[in-house]
Amino acid sequence: MTGIDLRSDAFNDHSFIARRYSYEGPNVSPPLTWSGVPDDATELVLLCEDPDAPSGTFAHWVVVGIDPHSDGVEAGHCPPGGTELVNGYGQHGWGGPHPPPGDDAHHYFFRLYALSEPCVLPDAPAAKQVHEEVEKRRLADGTLVGLYQR
């Protein structure tokens, strides 16, 4: 399996995400860039999840149908060709970090998957459902981890 190089101009891997991208701030989705998508990919799926959430892994952003020929997304935008599903807050699109005050820093895993065929998910999938569906079709993936603490 090949790897996708997933990066952000807003934060480095395993570094802190700025308040601008948090749910308590302006709640703008961070910019992302990627490379290394296999030529035979039919779509990309983006998932941002917080496995440190008190109630279990929380889905902050789920985007399906992303153009496999794209190479990134600007801050505050939906990835090219993508459809933003309902996040753990019950809203379509990005829902930024918002861990409980006083918790240790939470880890926000941005995962980009290249798939061999389109992925079918419910409108408000749990992170576990996304993992189960993409695993059946995954050609490659990339991960970027950001931290946030209140």
# chains A, B, ... in the order shown; residues from 1 in each chain; ligands from 1
$ residues_around --residues "range 118-128 of chain A" --least-positions-apart "6" --cutoff "9 Å" --atoms "only C-alpha atoms" --output "ChimeraX atom specification"
/A:42-45,47-49,57-60,62,64-65,84-88,90-92,134,137
$ residues_around --residues "Pro100 in chain A" --least-positions-apart "4" --cutoff "9 Å" --atoms "only C-alpha atoms" --output "MDAnalysis selection string"
chainID A and resid 53:54 149:150
$ write_last_selection --atoms "N, CA, C and O atoms" --output "PDB file, in the first residue's frame"
ATOM      1  N   ALA A  53     -11.962  12.104  22.675  1.00  0.00           N
ATOM      2  CA  ALA A  53     -13.223  12.676  23.158  1.00  0.00           C
ATOM      3  C   ALA A  53     -13.814  11.810  24.270  1.00  0.00           C
ATOM      4  O   ALA A  53     -13.759  10.584  24.193  1.00  0.00           O
ATOM      5  N   PRO A  54     -14.375  12.434  25.302  1.00  0.00           N
ATOM      6  CA  PRO A  54     -14.900  11.686  26.447  1.00  0.00           C
ATOM      7  C   PRO A  54     -15.983  10.670  26.085  1.00  0.00           C
ATOM      8  O   PRO A  54     -16.092   9.625  26.705  1.00  0.00           O
ATOM      9  N   GLN A 149      -5.999  22.118  22.895  1.00  0.00           N
ATOM     10  CA  GLN A 149      -6.281  22.064  24.337  1.00  0.00           C
ATOM     11  C   GLN A 149      -6.935  23.384  24.735  1.00  0.00           C
ATOM     12  O   GLN A 149      -6.580  24.440  24.226  1.00  0.00           O
ATOM     13  N   ARG A 150      -7.909  23.290  25.672  1.00  0.00           N
ATOM     14  CA  ARG A 150      -8.557  24.508  26.195  1.00  0.00           C
ATOM     15  C   ARG A 150      -8.243  24.666  27.676  1.00  0.00           C
ATOM     16  O   ARG A 150      -8.046  23.726  28.370  1.00  0.00           O
TER      17      ARG A 150
END
$ residues_around --residues "Tyr21 in chain A" --least-positions-apart "3" --cutoff "12 Å" --atoms "only C-alpha atoms" --output "PyMOL selection string"
chain A and resi 10-11+16-18+24-31+60+75-76+94-98+108+146-148
$ write_last_selection --atoms "N, CA and C atoms" --output "PDB file, in the first residue's frame"
ATOM      1  N   ALA A  10      -1.081  25.402   8.145  1.00  0.00           N
ATOM      2  CA  ALA A  10      -1.564  25.968   9.401  1.00  0.00           C
ATOM      3  C   ALA A  10      -0.927  25.323  10.634  1.00  0.00           C
ATOM      4  N   PHE A  11      -0.466  24.073  10.512  1.00  0.00           N
ATOM      5  CA  PHE A  11       0.172  23.383  11.631  1.00  0.00           C
ATOM      6  C   PHE A  11       0.988  22.215  11.092  1.00  0.00           C
ATOM      7  N   PHE A  16       0.323  22.042  17.658  1.00  0.00           N
ATOM      8  CA  PHE A  16      -0.963  22.612  18.034  1.00  0.00           C
ATOM      9  C   PHE A  16      -1.648  23.334  16.881  1.00  0.00           C
ATOM     10  N   ILE A  17      -2.966  23.165  16.839  1.00  0.00           N
ATOM     11  CA  ILE A  17      -3.840  23.819  15.868  1.00  0.00           C
ATOM     12  C   ILE A  17      -4.241  25.170  16.453  1.00  0.00           C
ATOM     13  N   ALA A  18      -4.215  26.223  15.658  1.00  0.00           N
ATOM     14  CA  ALA A  18      -4.568  27.570  16.119  1.00  0.00           C
ATOM     15  C   ALA A  18      -6.058  27.681  16.444  1.00  0.00           C
ATOM     16  N   GLU A  24     -14.523  26.986  19.201  1.00  0.00           N
ATOM     17  CA  GLU A  24     -14.718  28.176  20.033  1.00  0.00           C
ATOM     18  C   GLU A  24     -14.195  29.436  19.350  1.00  0.00           C
ATOM     19  N   GLY A  25     -13.444  29.277  18.279  1.00  0.00           N
ATOM     20  CA  GLY A  25     -12.934  30.396  17.502  1.00  0.00           C
ATOM     21  C   GLY A  25     -13.805  30.612  16.276  1.00  0.00           C
ATOM     22  N   PRO A  26     -13.229  31.136  15.208  1.00  0.00           N
ATOM     23  CA  PRO A  26     -13.992  31.331  13.973  1.00  0.00           C
ATOM     24  C   PRO A  26     -14.458  30.021  13.314  1.00  0.00           C
ATOM     25  N   ASN A  27     -13.910  28.869  13.754  1.00  0.00           N
ATOM     26  CA  ASN A  27     -14.323  27.556  13.254  1.00  0.00           C
ATOM     27  C   ASN A  27     -14.128  27.423  11.741  1.00  0.00           C
ATOM     28  N   VAL A  28     -12.961  27.814  11.284  1.00  0.00           N
ATOM     29  CA  VAL A  28     -12.597  27.714   9.875  1.00  0.00           C
ATOM     30  C   VAL A  28     -11.836  26.404   9.677  1.00  0.00           C
ATOM     31  N   SER A  29     -12.193  25.659   8.648  1.00  0.00           N
ATOM     32  CA  SER A  29     -11.445  24.422   8.380  1.00  0.00           C
ATOM     33  C   SER A  29     -10.026  24.785   7.949  1.00  0.00           C
ATOM     34  N   PRO A  30      -9.039  24.010   8.374  1.00  0.00           N
ATOM     35  CA  PRO A  30      -7.646  24.331   8.033  1.00  0.00           C
ATOM     36  C   PRO A  30      -7.325  23.997   6.575  1.00  0.00           C
ATOM     37  N   PRO A  31      -6.339  24.695   6.018  1.00  0.00           N
ATOM     38  CA  PRO A  31      -5.899  24.357   4.664  1.00  0.00           C
ATOM     39  C   PRO A  31      -5.134  23.034   4.696  1.00  0.00           C
ATOM     40  N   HIS A  60     -15.119  15.147  13.360  1.00  0.00           N
ATOM     41  CA  HIS A  60     -15.138  16.600  13.186  1.00  0.00           C
ATOM     42  C   HIS A  60     -15.362  17.025  11.740  1.00  0.00           C
ATOM     43  N   ALA A  75      -8.228  26.981   3.280  1.00  0.00           N
ATOM     44  CA  ALA A  75      -8.899  27.157   4.567  1.00  0.00           C
ATOM     45  C   ALA A  75     -10.336  27.629   4.335  1.00  0.00           C
ATOM     46  N   GLY A  76     -11.259  27.033   5.083  1.00  0.00           N
ATOM     47  CA  GLY A  76     -12.647  27.456   5.017  1.00  0.00           C
ATOM     48  C   GLY A  76     -13.431  26.955   3.818  1.00  0.00           C
ATOM     49  N   TRP A  94     -17.188  21.235   8.445  1.00  0.00           N
ATOM     50  CA  TRP A  94     -16.161  21.265   9.487  1.00  0.00           C
ATOM     51  C   TRP A  94     -16.754  21.677  10.819  1.00  0.00           C
ATOM     52  N   GLY A  95     -16.348  20.983  11.850  1.00  0.00           N
ATOM     53  CA  GLY A  95     -16.640  21.366  13.226  1.00  0.00           C
ATOM     54  C   GLY A  95     -15.334  21.253  13.987  1.00  0.00           C
ATOM     55  N   GLY A  96     -14.741  22.365  14.323  1.00  0.00           N
ATOM     56  CA  GLY A  96     -13.396  22.383  14.875  1.00  0.00           C
ATOM     57  C   GLY A  96     -13.256  21.790  16.264  1.00  0.00           C
ATOM     58  N   PRO A  97     -12.006  21.684  16.714  1.00  0.00           N
ATOM     59  CA  PRO A  97     -11.709  21.137  18.040  1.00  0.00           C
ATOM     60  C   PRO A  97     -12.416  21.903  19.155  1.00  0.00           C
ATOM     61  N   HIS A  98     -12.876  21.159  20.161  1.00  0.00           N
ATOM     62  CA  HIS A  98     -13.543  21.770  21.320  1.00  0.00           C
ATOM     63  C   HIS A  98     -13.509  20.787  22.492  1.00  0.00           C
ATOM     64  N   TYR A 108      -6.135  15.333  16.981  1.00  0.00           N
ATOM     65  CA  TYR A 108      -7.071  15.433  15.868  1.00  0.00           C
ATOM     66  C   TYR A 108      -6.411  14.807  14.654  1.00  0.00           C
ATOM     67  N   GLY A 146      -3.060  16.924  14.488  1.00  0.00           N
ATOM     68  CA  GLY A 146      -2.959  18.214  15.152  1.00  0.00           C
ATOM     69  C   GLY A 146      -3.402  18.069  16.593  1.00  0.00           C
ATOM     70  N   LEU A 147      -2.941  18.966  17.454  1.00  0.00           N
ATOM     71  CA  LEU A 147      -3.286  18.948  18.873  1.00  0.00           C
ATOM     72  C   LEU A 147      -4.094  20.194  19.220  1.00  0.00           C
ATOM     73  N   TYR A 148      -4.979  20.066  20.208  1.00  0.00           N
ATOM     74  CA  TYR A 148      -5.722  21.233  20.680  1.00  0.00           C
ATOM     75  C   TYR A 148      -6.075  21.014  22.144  1.00  0.00           C
TER      76      TYR A 148
END
$ closest_residue --among "A:Ile4, A:Val73, A:Ala105, A:Val63" --to "Arg138 in chain A" --atoms "only C-alpha atoms"
A:Ile4
$ select_by_dssp --residues "chain A" --states "strand (DSSP E or B)" --output "VMD selection string"
chain A and resid 2 to 3 5 to 7 15 to 16 32 to 35 43 to 50 58 to 66 72 to 73 83 to 84 86 92 106 to 115 138 to 148
$ atom_distance --atom1 "CA of Gly102 in chain A" --atom2 "CA of Leu46 in chain A"
28.7 Å
$ closest_residue --among "A:Asp103, A:Asp5, A:Asp50, A:Glu117" --to "Asp141 in chain A" --atoms "only C-alpha atoms"
A:Asp5
$ closest_residue --among "A:His77, A:Tyr23, A:Trp61, A:Val37" --to "Val130 in chain A" --atoms "only C-alpha atoms"
A:Trp61
$ select_by_dssp --residues "chain A" --states "alpha helix (DSSP H)" --output "PDB file with all heavy atoms, in the first residue's frame"
ATOM      1  N   ALA A 127     -17.270   7.962  13.078  1.00  0.00           N
ATOM      2  CA  ALA A 127     -15.914   7.707  12.572  1.00  0.00           C
ATOM      3  C   ALA A 127     -15.710   6.214  12.305  1.00  0.00           C
ATOM      4  O   ALA A 127     -15.101   5.839  11.295  1.00  0.00           O
ATOM      5  CB  ALA A 127     -14.880   8.224  13.563  1.00  0.00           C
ATOM      6  N   LYS A 128     -16.253   5.361  13.151  1.00  0.00           N
ATOM      7  CA  LYS A 128     -16.108   3.915  12.979  1.00  0.00           C
ATOM      8  C   LYS A 128     -16.711   3.456  11.648  1.00  0.00           C
ATOM      9  O   LYS A 128     -16.146   2.610  10.957  1.00  0.00           O
ATOM     10  CB  LYS A 128     -16.778   3.185  14.150  1.00  0.00           C
ATOM     11  CG  LYS A 128     -16.679   1.680  14.067  1.00  0.00           C
ATOM     12  CD  LYS A 128     -17.355   1.006  15.244  1.00  0.00           C
ATOM     13  CE  LYS A 128     -17.267  -0.503  15.084  1.00  0.00           C
ATOM     14  NZ  LYS A 128     -17.968  -1.199  16.151  1.00  0.00           N
ATOM     15  N   GLN A 129     -17.857   4.015  11.268  1.00  0.00           N
ATOM     16  CA  GLN A 129     -18.492   3.662   9.999  1.00  0.00           C
ATOM     17  C   GLN A 129     -17.612   4.071   8.819  1.00  0.00           C
ATOM     18  O   GLN A 129     -17.517   3.338   7.837  1.00  0.00           O
ATOM     19  CB  GLN A 129     -19.857   4.339   9.869  1.00  0.00           C
ATOM     20  CG  GLN A 129     -20.904   3.795  10.808  1.00  0.00           C
ATOM     21  CD  GLN A 129     -22.178   4.602  10.729  1.00  0.00           C
ATOM     22  OE1 GLN A 129     -22.208   5.773  11.113  1.00  0.00           O
ATOM     23  NE2 GLN A 129     -23.236   3.980  10.223  1.00  0.00           N
ATOM     24  N   VAL A 130     -16.988   5.226   8.921  1.00  0.00           N
ATOM     25  CA  VAL A 130     -16.103   5.686   7.844  1.00  0.00           C
ATOM     26  C   VAL A 130     -14.952   4.696   7.703  1.00  0.00           C
ATOM     27  O   VAL A 130     -14.645   4.246   6.590  1.00  0.00           O
ATOM     28  CB  VAL A 130     -15.577   7.112   8.106  1.00  0.00           C
ATOM     29  CG1 VAL A 130     -14.596   7.528   7.015  1.00  0.00           C
ATOM     30  CG2 VAL A 130     -16.729   8.109   8.215  1.00  0.00           C
ATOM     31  N   HIS A 131     -14.328   4.337   8.806  1.00  0.00           N
ATOM     32  CA  HIS A 131     -13.211   3.381   8.762  1.00  0.00           C
ATOM     33  C   HIS A 131     -13.641   2.055   8.134  1.00  0.00           C
ATOM     34  O   HIS A 131     -12.922   1.499   7.302  1.00  0.00           O
ATOM     35  CB  HIS A 131     -12.652   3.128  10.167  1.00  0.00           C
ATOM     36  CG  HIS A 131     -11.865   4.261  10.718  1.00  0.00           C
ATOM     37  ND1 HIS A 131     -10.604   4.573  10.290  1.00  0.00           N
ATOM     38  CD2 HIS A 131     -12.179   5.176  11.663  1.00  0.00           C
ATOM     39  CE1 HIS A 131     -10.161   5.628  10.959  1.00  0.00           C
ATOM     40  NE2 HIS A 131     -11.097   6.013  11.795  1.00  0.00           N
ATOM     41  N   GLU A 132     -14.783   1.546   8.535  1.00  0.00           N
ATOM     42  CA  GLU A 132     -15.259   0.264   8.007  1.00  0.00           C
ATOM     43  C   GLU A 132     -15.473   0.315   6.501  1.00  0.00           C
ATOM     44  O   GLU A 132     -15.115  -0.617   5.784  1.00  0.00           O
ATOM     45  CB  GLU A 132     -16.557  -0.146   8.707  1.00  0.00           C
ATOM     46  CG  GLU A 132     -16.352  -0.557  10.148  1.00  0.00           C
ATOM     47  CD  GLU A 132     -17.653  -0.741  10.916  1.00  0.00           C
ATOM     48  OE1 GLU A 132     -18.740  -0.417  10.378  1.00  0.00           O
ATOM     49  OE2 GLU A 132     -17.587  -1.191  12.072  1.00  0.00           O
ATOM     50  N   GLU A 133     -16.056   1.405   6.010  1.00  0.00           N
ATOM     51  CA  GLU A 133     -16.347   1.510   4.579  1.00  0.00           C
ATOM     52  C   GLU A 133     -15.098   1.767   3.739  1.00  0.00           C
ATOM     53  O   GLU A 133     -14.941   1.180   2.672  1.00  0.00           O
ATOM     54  CB  GLU A 133     -17.396   2.597   4.324  1.00  0.00           C
ATOM     55  CG  GLU A 133     -18.785   2.181   4.736  1.00  0.00           C
ATOM     56  CD  GLU A 133     -19.254   0.894   4.053  1.00  0.00           C
ATOM     57  OE1 GLU A 133     -19.142   0.779   2.820  1.00  0.00           O
ATOM     58  OE2 GLU A 133     -19.717  -0.012   4.773  1.00  0.00           O
ATOM     59  N   VAL A 134     -14.219   2.634   4.193  1.00  0.00           N
ATOM     60  CA  VAL A 134     -13.031   2.925   3.380  1.00  0.00           C
ATOM     61  C   VAL A 134     -12.066   1.740   3.359  1.00  0.00           C
ATOM     62  O   VAL A 134     -11.367   1.539   2.366  1.00  0.00           O
ATOM     63  CB  VAL A 134     -12.293   4.219   3.809  1.00  0.00           C
ATOM     64  CG1 VAL A 134     -13.205   5.426   3.696  1.00  0.00           C
ATOM     65  CG2 VAL A 134     -11.707   4.110   5.191  1.00  0.00           C
ATOM     66  N   GLU A 135     -12.053   0.951   4.429  1.00  0.00           N
ATOM     67  CA  GLU A 135     -11.132  -0.183   4.479  1.00  0.00           C
ATOM     68  C   GLU A 135     -11.388  -1.173   3.347  1.00  0.00           C
ATOM     69  O   GLU A 135     -10.468  -1.803   2.839  1.00  0.00           O
ATOM     70  CB  GLU A 135     -11.238  -0.881   5.841  1.00  0.00           C
ATOM     71  CG  GLU A 135     -10.129  -1.850   6.109  1.00  0.00           C
ATOM     72  CD  GLU A 135      -8.745  -1.236   6.036  1.00  0.00           C
ATOM     73  OE1 GLU A 135      -8.557  -0.101   6.487  1.00  0.00           O
ATOM     74  OE2 GLU A 135      -7.846  -1.920   5.511  1.00  0.00           O
TER      75      GLU A 135
END
$ residues_around --residues "Thr33 in chain A" --least-positions-apart "5" --cutoff "10 Å" --atoms "only C-alpha atoms" --output "list in words"
Asp5, Leu6, Arg7, Ser8, Asp9, Ser70, Asp71, Gly72, Val73 and Glu74 of chain A
$ residues_around --residues "Pro38 in chain A" --least-positions-apart "3" --cutoff "10 Å" --atoms "only C-alpha atoms" --output "count of residues only"
15
